[in-house]
>>> print(open('entry29.txt').read())   # compact mmCIF, C-alpha atoms
# COMPACT_ATOMS: atom_id res chain seq x y z
CA MET A 1 17.05 -11.93 15.66
CA TYR A 2 15.78 -13.88 12.66
CA HIS A 3 15.35 -17.13 14.62
CA GLY A 4 15.25 -15.82 18.19
CA GLY A 5 13.77 -12.97 20.17
CA ALA A 6 14.62 -10.42 22.82
CA ASP A 7 16.39 -12.76 25.24
CA GLU A 8 18.63 -14.26 22.55
CA SER A 9 19.50 -10.80 21.24
CA ARG A 10 20.33 -9.55 24.71
CA GLY A 11 22.68 -12.46 25.25
CA ALA A 12 24.33 -11.93 21.86
CA LEU A 13 24.99 -8.28 22.71
CA ARG A 14 26.82 -9.32 25.86
CA ASP A 15 28.98 -11.66 23.79
CA VAL A 16 30.01 -9.19 21.10
CA MET A 17 30.29 -5.89 23.04
CA TRP A 18 32.76 -4.80 25.70
CA PRO A 19 30.97 -4.04 29.01
CA ASP A 20 32.10 -0.40 28.78
CA ALA A 21 31.37 -0.02 25.05
CA LYS A 22 30.53 3.53 23.97
CA ILE A 23 27.07 3.64 22.36
CA GLN A 24 26.08 6.72 20.35
CA LEU A 25 22.46 6.56 19.24
CA THR A 26 19.76 8.56 17.50
CA HIS A 27 17.81 11.15 19.48
CA PRO A 28 16.15 10.68 21.96
CA PHE A 29 18.39 7.82 23.15
CA GLU A 30 21.73 9.67 22.85
CA ASP A 31 24.92 8.36 24.52
CA LEU A 32 24.91 5.14 26.52
CA THR A 33 27.52 2.82 28.00
CA GLY A 34 27.58 -0.92 27.51
CA PRO A 35 25.27 -3.57 26.01
CA GLU A 36 22.87 -3.66 28.98
CA ALA A 37 22.11 0.05 28.73
CA TYR A 38 21.69 -0.27 24.96
CA PHE A 39 19.19 -3.08 25.34
CA GLU A 40 17.23 -1.56 28.25
CA THR A 41 17.00 1.90 26.66
CA ALA A 42 16.62 1.24 22.92
CA LEU A 43 16.56 -2.31 21.58
CA GLY A 44 14.39 -3.75 24.36
CA PRO A 45 11.61 -1.15 23.89
CA LEU A 46 11.74 -1.82 20.15
CA PHE A 47 11.17 -5.53 20.88
CA ASP A 48 8.28 -4.58 23.17
CA ALA A 49 6.68 -2.62 20.33
CA ILE A 50 7.47 -5.22 17.65
CA PRO A 51 7.56 -8.60 19.46
CA ASP A 52 8.45 -10.57 16.29
CA LEU A 53 11.25 -8.12 15.44
CA GLU A 54 13.66 -9.11 12.68
CA ARG A 55 16.75 -7.41 11.38
CA ARG A 56 17.33 -7.42 7.62
CA ASP A 57 20.83 -6.34 6.60
CA THR A 58 21.30 -5.28 2.99
CA ILE A 59 24.92 -4.09 3.21
CA VAL A 60 27.64 -5.26 5.60
CA ILE A 61 31.18 -4.05 4.96
CA ALA A 62 34.37 -3.99 6.99
CA GLY A 63 37.56 -2.04 6.62
CA THR A 64 40.44 -0.20 8.23
CA THR A 65 40.29 3.57 8.50
CA GLU A 66 43.13 5.95 7.75
CA TYR A 67 43.82 5.91 11.51
CA GLY A 68 44.26 2.14 11.55
CA GLU A 69 40.94 1.44 13.29
CA GLU A 70 38.81 -1.56 12.35
CA TRP A 71 35.17 -0.71 11.58
CA VAL A 72 32.13 -2.64 10.39
CA GLY A 73 29.20 -0.84 8.75
CA CYS A 74 25.70 -2.33 8.50
CA CYS A 75 22.81 -0.98 6.43
CA GLY A 76 19.29 -2.40 6.47
CA TYR A 77 15.98 -2.25 8.29
CA TYR A 78 14.13 -3.63 11.29
CA THR A 79 10.75 -5.15 10.56
CA GLY A 80 7.84 -6.95 12.15
CA ALA A 81 4.23 -6.40 13.21
CA PHE A 82 3.93 -3.04 15.01
CA ARG A 83 1.84 -4.13 18.03
CA ARG A 84 2.54 -1.64 20.84
CA PRO A 85 3.66 2.03 21.01
CA PHE A 86 7.29 2.92 20.47
CA LEU A 87 8.40 6.33 21.81
CA GLY A 88 4.73 7.26 21.77
CA ILE A 89 4.27 6.33 18.11
CA PRO A 90 0.91 4.53 17.92
CA PRO A 91 0.95 1.00 16.50
CA ASN A 92 -1.26 -0.11 13.63
CA GLY A 93 -0.81 -3.87 14.04
CA GLN A 94 0.64 -4.18 10.54
CA GLN A 95 4.13 -5.07 9.37
CA ALA A 96 6.33 -1.99 9.56
CA THR A 97 9.89 -1.13 8.59
CA MET A 98 12.46 1.16 10.17
CA ARG A 99 15.78 1.71 8.41
CA PHE A 100 19.06 1.65 10.29
CA HIS A 101 22.70 2.45 9.63
CA GLU A 102 24.92 1.02 12.37
CA PHE A 103 28.70 1.31 12.59
CA PHE A 104 30.89 -0.70 14.94
CA ASN A 105 34.52 -0.12 15.94
CA ILE A 106 36.09 -3.49 16.72
CA VAL A 107 38.89 -3.70 19.30
CA ASP A 108 40.39 -7.07 20.21
CA GLY A 109 37.49 -8.94 18.64
CA ARG A 110 34.63 -7.09 20.36
CA VAL A 111 32.68 -3.88 19.81
CA MET A 112 34.21 -0.91 21.61
CA THR A 113 32.15 1.83 19.91
CA MET A 114 28.73 1.73 18.24
CA GLN A 115 27.20 4.59 16.25
CA ALA A 116 23.66 4.19 14.96
CA VAL A 117 21.03 6.24 13.16
CA TRP A 118 17.57 4.71 13.25
CA ASP A 119 15.00 6.25 10.92
CA ILE A 120 12.42 6.69 13.68
CA PRO A 121 10.41 9.15 11.55
CA GLU A 122 9.81 6.28 9.11
CA LEU A 123 7.61 4.59 11.74
CA MET A 124 5.63 7.83 12.14
CA PHE A 125 5.18 7.99 8.39
CA ARG A 126 3.96 4.38 8.23
CA VAL A 127 1.14 4.97 10.71
CA GLY A 128 0.08 8.39 9.40
CA ALA A 129 1.39 10.37 12.38
CA TRP A 130 3.72 12.76 10.53
CA PRO A 131 4.62 15.87 12.60
CA MET A 132 7.30 17.46 10.38
CA GLY A 133 7.39 19.25 7.03
CA PRO A 134 6.60 17.19 3.92
CA ALA A 135 9.43 15.34 2.15
CA LEU A 136 10.35 16.66 -1.29
CA ARG A 137 10.70 13.16 -2.69
CA THR A 138 9.24 9.66 -2.25
CA ALA A 139 9.63 8.04 1.17
CA TRP A 140 9.66 4.25 0.85
CA ASN A 141 11.42 1.10 1.96
CA VAL A 142 14.62 1.64 0.01
CA PRO A 143 16.14 -1.30 -1.87
CA SER A 144 19.30 -3.27 -1.38
CA PRO A 145 22.15 -2.62 -3.85
CA ALA A 146 21.24 -3.02 -7.51
CA THR A 147 24.08 -5.52 -7.85
CA GLN A 148 22.70 -7.59 -4.93
CA ASP A 149 26.18 -8.10 -3.52
CA GLY A 150 26.03 -6.04 -0.34
CA LEU A 151 26.36 -9.16 1.82
CA THR A 152 28.64 -11.26 -0.36
CA ILE A 153 31.86 -9.25 -0.65
CA ASP A 154 34.64 -11.82 -0.39
CA CYS A 155 38.33 -10.93 -0.21
CA ALA A 156 37.88 -7.51 -1.78
CA ASP A 157 40.95 -6.18 -3.52
CA ALA A 158 42.66 -3.64 -1.28
CA SER A 159 43.46 -1.36 -4.20
CA GLU A 160 39.79 -1.32 -5.31
CA SER A 161 38.68 -0.47 -1.78
CA ALA A 162 41.21 2.36 -1.58
CA LYS A 163 40.15 3.71 -4.97
CA SER A 164 36.47 3.70 -3.98
CA CYS A 165 37.28 5.67 -0.83
CA GLU A 166 39.36 8.10 -2.85
CA ILE A 167 36.47 8.78 -5.27
CA VAL A 168 34.01 9.46 -2.44
CA ALA A 169 36.44 11.63 -0.49
CA GLU A 170 37.23 13.72 -3.57
CA MET A 171 33.53 14.11 -4.39
CA LEU A 172 32.80 15.41 -0.89
CA ALA A 173 35.74 17.82 -1.09
CA TYR A 174 34.42 19.26 -4.35
CA MET A 175 30.88 19.58 -3.03
CA SER A 176 32.09 21.48 0.05
CA ARG A 177 33.51 24.23 -2.20
CA HIS A 178 29.99 25.47 -2.99
CA PRO A 179 28.29 27.89 -2.19
CA ALA A 180 31.45 29.86 -1.41
CA GLU A 181 32.32 29.26 -5.08
CA PRO A 182 29.97 28.92 -8.10
CA GLU A 183 27.81 25.82 -8.42
CA GLU A 184 29.93 24.43 -11.26
CA VAL A 185 32.85 23.75 -8.88
CA MET A 186 30.99 20.70 -7.50
CA GLU A 187 31.36 18.91 -10.89
CA LEU A 188 28.56 16.49 -10.08
CA GLU A 189 28.78 14.75 -13.47
CA ARG A 190 32.41 13.93 -12.78
CA PHE A 191 31.56 11.84 -9.72
CA TRP A 192 27.94 10.67 -10.03
CA HIS A 193 26.44 8.18 -12.47
CA PRO A 194 23.63 9.58 -14.70
CA LYS A 195 21.29 6.93 -13.21
CA MET A 196 22.37 7.53 -9.63
CA SER A 197 20.00 6.81 -6.74
CA TRP A 198 20.27 8.82 -3.52
CA TYR A 199 18.33 7.10 -0.74
CA GLY A 200 17.56 9.66 1.96
CA PRO A 201 15.60 9.22 5.21
CA ALA A 202 11.81 9.36 5.48
CA GLY A 203 11.78 13.14 5.96
CA ILE A 204 13.69 13.75 2.70
CA GLY A 205 13.02 10.78 0.41
CA THR A 206 14.76 9.16 -2.55
CA CYS A 207 16.23 11.16 -5.43
CA ARG A 208 16.85 9.67 -8.86
CA GLY A 209 19.49 11.03 -11.24
CA ILE A 210 21.64 14.11 -10.85
CA ALA A 211 18.73 16.46 -11.65
CA GLY A 212 16.51 14.61 -9.18
CA PHE A 213 19.18 14.91 -6.50
CA ARG A 214 19.63 18.64 -7.15
CA ASN A 215 15.92 19.44 -7.15
CA GLY A 216 14.81 16.94 -4.52
CA HIS A 217 17.45 17.59 -1.89
CA GLN A 218 20.62 19.51 -2.65
CA ILE A 219 19.24 22.91 -3.64
CA ALA A 220 17.00 23.13 -0.55
CA PHE A 221 19.85 21.86 1.64
CA LEU A 222 22.33 24.45 0.35
CA ARG A 223 19.87 27.33 0.59
CA GLY A 224 18.84 26.48 4.11
CA LEU A 225 22.30 25.58 5.40
CA PRO A 226 24.68 27.71 3.32
CA ASP A 227 27.70 27.69 5.66
CA ARG A 228 27.78 23.93 6.22
CA LYS A 229 31.17 22.45 7.07
CA GLY A 230 32.05 18.79 7.18
CA ALA A 231 33.74 17.36 10.24
CA VAL A 232 36.19 15.29 8.22
CA SER A 233 38.85 15.58 10.93
CA ASN A 234 36.37 13.92 13.27
CA GLY A 235 35.40 11.21 10.78
CA HIS A 236 36.49 7.87 9.45
CA TYR A 237 36.40 6.46 5.91
CA PHE A 238 36.51 2.74 5.31
CA GLY A 239 35.73 0.70 2.24
CA GLU A 240 35.38 -2.81 0.92
CA GLY A 241 35.47 -3.35 -2.82
CA PRO A 242 33.03 -0.92 -4.48
CA TYR A 243 31.45 0.09 -1.15
CA VAL A 244 32.46 3.02 1.03
CA ALA A 245 31.25 4.13 4.45
CA PHE A 246 31.90 7.34 6.35
CA THR A 247 31.18 8.05 9.97
CA ALA A 248 31.62 11.13 12.11
CA TRP A 249 29.60 11.97 15.20
CA PRO A 250 28.53 14.61 14.34
CA GLY A 251 29.50 14.77 10.67
CA MET A 252 28.64 18.37 9.86
CA GLN A 253 28.01 21.77 11.43
CA MET A 254 25.95 24.60 9.93
CA THR A 255 23.62 27.54 10.52
CA VAL A 256 19.92 27.32 9.63
CA ALA A 257 19.40 30.38 7.41
CA GLY A 258 18.06 31.37 3.99
CA ASP A 259 14.75 29.63 3.29
CA GLY A 260 15.10 27.24 6.20
CA TRP A 261 15.22 23.49 5.66
CA LEU A 262 12.52 20.78 5.62
CA GLY A 263 9.96 23.22 6.98
CA ILE A 264 12.30 24.39 9.76
CA VAL A 265 12.12 28.15 10.22
CA PRO A 266 15.48 29.87 9.57
CA THR A 267 16.55 30.85 13.08
CA GLY A 268 20.18 31.72 12.46
CA ARG A 269 21.09 29.13 15.09
CA LYS A 270 24.16 26.93 14.64
CA ILE A 271 23.52 23.18 14.74
CA THR A 272 25.32 19.93 14.05
CA LYS A 273 24.11 17.06 11.88
CA ARG A 274 24.59 13.36 12.48
CA SER A 275 24.53 11.14 9.42
CA LEU A 276 25.93 7.73 8.54
CA ASP A 277 26.43 7.09 4.81
CA PHE A 278 27.12 4.25 2.40
CA TRP A 279 28.13 4.62 -1.25
CA ARG A 280 28.49 2.09 -4.08
CA VAL A 281 30.96 2.93 -6.85
CA GLU A 282 30.47 1.49 -10.33
CA ASN A 283 33.02 1.98 -13.13
CA GLY A 284 34.54 4.97 -11.39
CA LEU A 285 31.21 6.73 -10.67
CA ILE A 286 28.93 6.73 -7.63
CA ARG A 287 25.82 4.78 -8.62
CA GLU A 288 24.01 4.48 -5.25
CA ASN A 289 24.15 6.38 -1.96
CA TRP A 290 22.31 5.35 1.22
CA VAL A 291 21.96 8.27 3.64
CA LEU A 292 20.40 8.42 7.10
CA VAL A 293 20.22 11.68 9.03
CA ASP A 294 19.18 12.04 12.66
CA LEU A 295 16.37 14.49 11.85
CA LEU A 296 14.94 14.34 15.38
CA HIS A 297 18.28 15.64 16.68
CA VAL A 298 18.30 18.45 14.08
CA TRP A 299 14.86 19.67 15.17
CA ASN A 300 15.66 19.20 18.85
CA GLN A 301 18.63 21.57 18.61
CA LEU A 302 16.22 24.22 17.36
CA GLY A 303 13.90 23.79 20.31
CA VAL A 304 11.31 21.59 18.58
CA ASP A 305 10.34 18.33 20.28
CA VAL A 306 9.18 16.27 17.30
CA LEU A 307 7.99 13.39 19.47
CA ALA A 308 5.81 15.74 21.52
CA ARG A 309 4.42 17.24 18.32
CA MET A 310 3.74 13.73 17.03
CA ARG A 311 1.80 12.92 20.21
CA GLU A 312 -0.35 16.00 19.63
CA VAL A 313 -1.07 14.82 16.08
CA THR A 314 -2.05 11.33 17.21
CA GLN A 315 -4.16 12.68 20.07
CA THR A 316 -6.19 14.66 17.54
CA ILE A 317 -6.59 11.56 15.40
CA ASP A 318 -7.75 9.61 18.43
CA LEU A 319 -10.26 12.31 19.43
CA ASP A 320 -11.63 12.46 15.90
CA GLN A 321 -12.06 8.69 15.83
CA ARG A 322 -13.79 8.66 19.22
CA TRP A 323 -16.20 11.36 18.01
CA ILE A 324 -16.96 9.30 14.89
CA ASP A 325 -17.46 6.15 16.97
CA SER A 326 -19.82 7.96 19.39
CA HIS A 327 -21.95 9.24 16.50
CA ASP A 328 -21.93 6.09 14.41
>>> encode(input="entry29.txt", output="structure tokens")
Amino acid sequence: MYHGGADESRGALRDVMWPDAKIQLTHPFEDLTGPEAYFETALGPLFDAIPDLERRDTIVIAGTTEYGEEWVGCCGYYTGAFRRPFLGIPPNGQQATMRFHEFFNIVDGRVMTMQAVWDIPELMFRVGAWPMGPALRTAWNVPSPATQDGLTIDCADASESAKSCEIVAEMLAYMSRHPAEPEEVMELERFWHPKMSWYGPAGIGTCRGIAGFRNGHQIAFLRGLPDRKGAVSNGHYFGEGPYVAFTAWPGMQMTVAGDGWLGIVPTGRKITKRSLDFWRVENGLIRENWVLVDLLHVWNQLGVDVLARMREVTQTIDLDQRWIDSHD
């Protein structure tokens, strides 16, 4: 993608994916089969919207799950000049970014399963067409790892990789004990570095430090989704050196209750949540956490078509501009 364009990328997909590969994508793309369907439905339209599209990976790790499966996890962003509409999102002609987390299960040297969360709301945010509730924290183009080694892991020690996975798995187990038990059972200070950074999607934002994480995301999340349960039995951990990735599709189930979440009215309806996560462990503590959530899928399960709402927002903007132009 860096040197070539749509045709080269389409050919590369054919080379690295099995023809019947299972593709699980962000809403509204959903489940597809094979590289051709992936390109025609998702990647090709992204090229149409951003003709000079580039892919910038900031983390690439590989590992074997507890089930003996080989997975590769990629974290980064797509970028280029946003020239034409994408899913109805109006272009502004300027360079844009859209984060991605993409996981690949490798079987006999080719991709058999792909899971991907694209931060489509980030594109809406960039062009001022935001149709959802406001984020509690800063939405920005999140950085690569502070150690700048997300692409240069070489012959990671297997024991270090296992230890990193163990720390993350234990942290998640402790966090799942609340709110059934008092807040203190999560023992956040035991697992998270005082200068931790939690990099959420555009609709949530980045949280700095344990207090920032609690106030900027966790408290609202727990109040709005108090009975959340992780789908660990459906998931896969894999790690490489200090990095850990976890995938499950979906990764959590919960009921929207309490105060609601992210401006979503508490309906009492049960939903699932797709998220693909990366963590970086430093001296036994989690220092950085990259998190992408399929927020469009969350809203869609509650009967809200975010893309349709976004089109209404942009139509109003267009009408206002036409009125201004006619009276200039």
>>> closest_residue(input="entry29.txt", among="A:Val142, A:Leu32, A:Ile219, A:Val168", to="Pro201 (chain A)", atoms="all atoms listed in the file")
A:Val142
>>> residues_around(input="entry29.txt", residues="Pro242 (chain A)", least_positions_apart="6", cutoff="7 Å", atoms="all atoms listed in the file", output="PDB file with C-alpha atoms, keeping the file's coordinate frame")
ATOM      1  CA  GLU A 160      39.790  -1.320  -5.310  1.00  0.00           C
ATOM      2  CA  SER A 161      38.680  -0.470  -1.780  1.00  0.00           C
ATOM      3  CA  SER A 164      36.470   3.700  -3.980  1.00  0.00           C
ATOM      4  CA  ARG A 280      28.490   2.090  -4.080  1.00  0.00           C
ATOM      5  CA  VAL A 281      30.960   2.930  -6.850  1.00  0.00           C
ATOM      6  CA  GLU A 282      30.470   1.490 -10.330  1.00  0.00           C
TER       7      GLU A 282
END
>>> axis_aligned_box(input="entry29.txt", around="region 55-59 of chain A", padding_each_side="4 Å", output="AutoDock Vina command-line options")
--center_x 20.8 --center_y -5.8 --center_z 7.2 --size_x 16.2 --size_y 11.3 --size_z 16.4
>>> closest_residue(input="entry29.txt", among="A:Arg223, A:Thr97, A:Ile106, A:Val111", to="Asp20 (chain A)", atoms="only C-alpha atoms")
A:Val111
>>> residues_around(input="entry29.txt", residues="Asp48 (chain A)", least_positions_apart="5", cutoff="10 Å", atoms="all atoms listed in the file", output="compact mmCIF listing (two decimals) with C-alpha atoms, in the coordinates of the input")
# COMPACT_ATOMS: atom_id res chain seq x y z
CA ALA A 6 14.62 -10.42 22.82
CA LEU A 43 16.56 -2.31 21.58
CA LEU A 53 11.25 -8.12 15.44
CA PHE A 82 3.93 -3.04 15.01
CA ARG A 83 1.84 -4.13 18.03
CA ARG A 84 2.54 -1.64 20.84
CA PRO A 85 3.66 2.03 21.01
CA PHE A 86 7.29 2.92 20.47
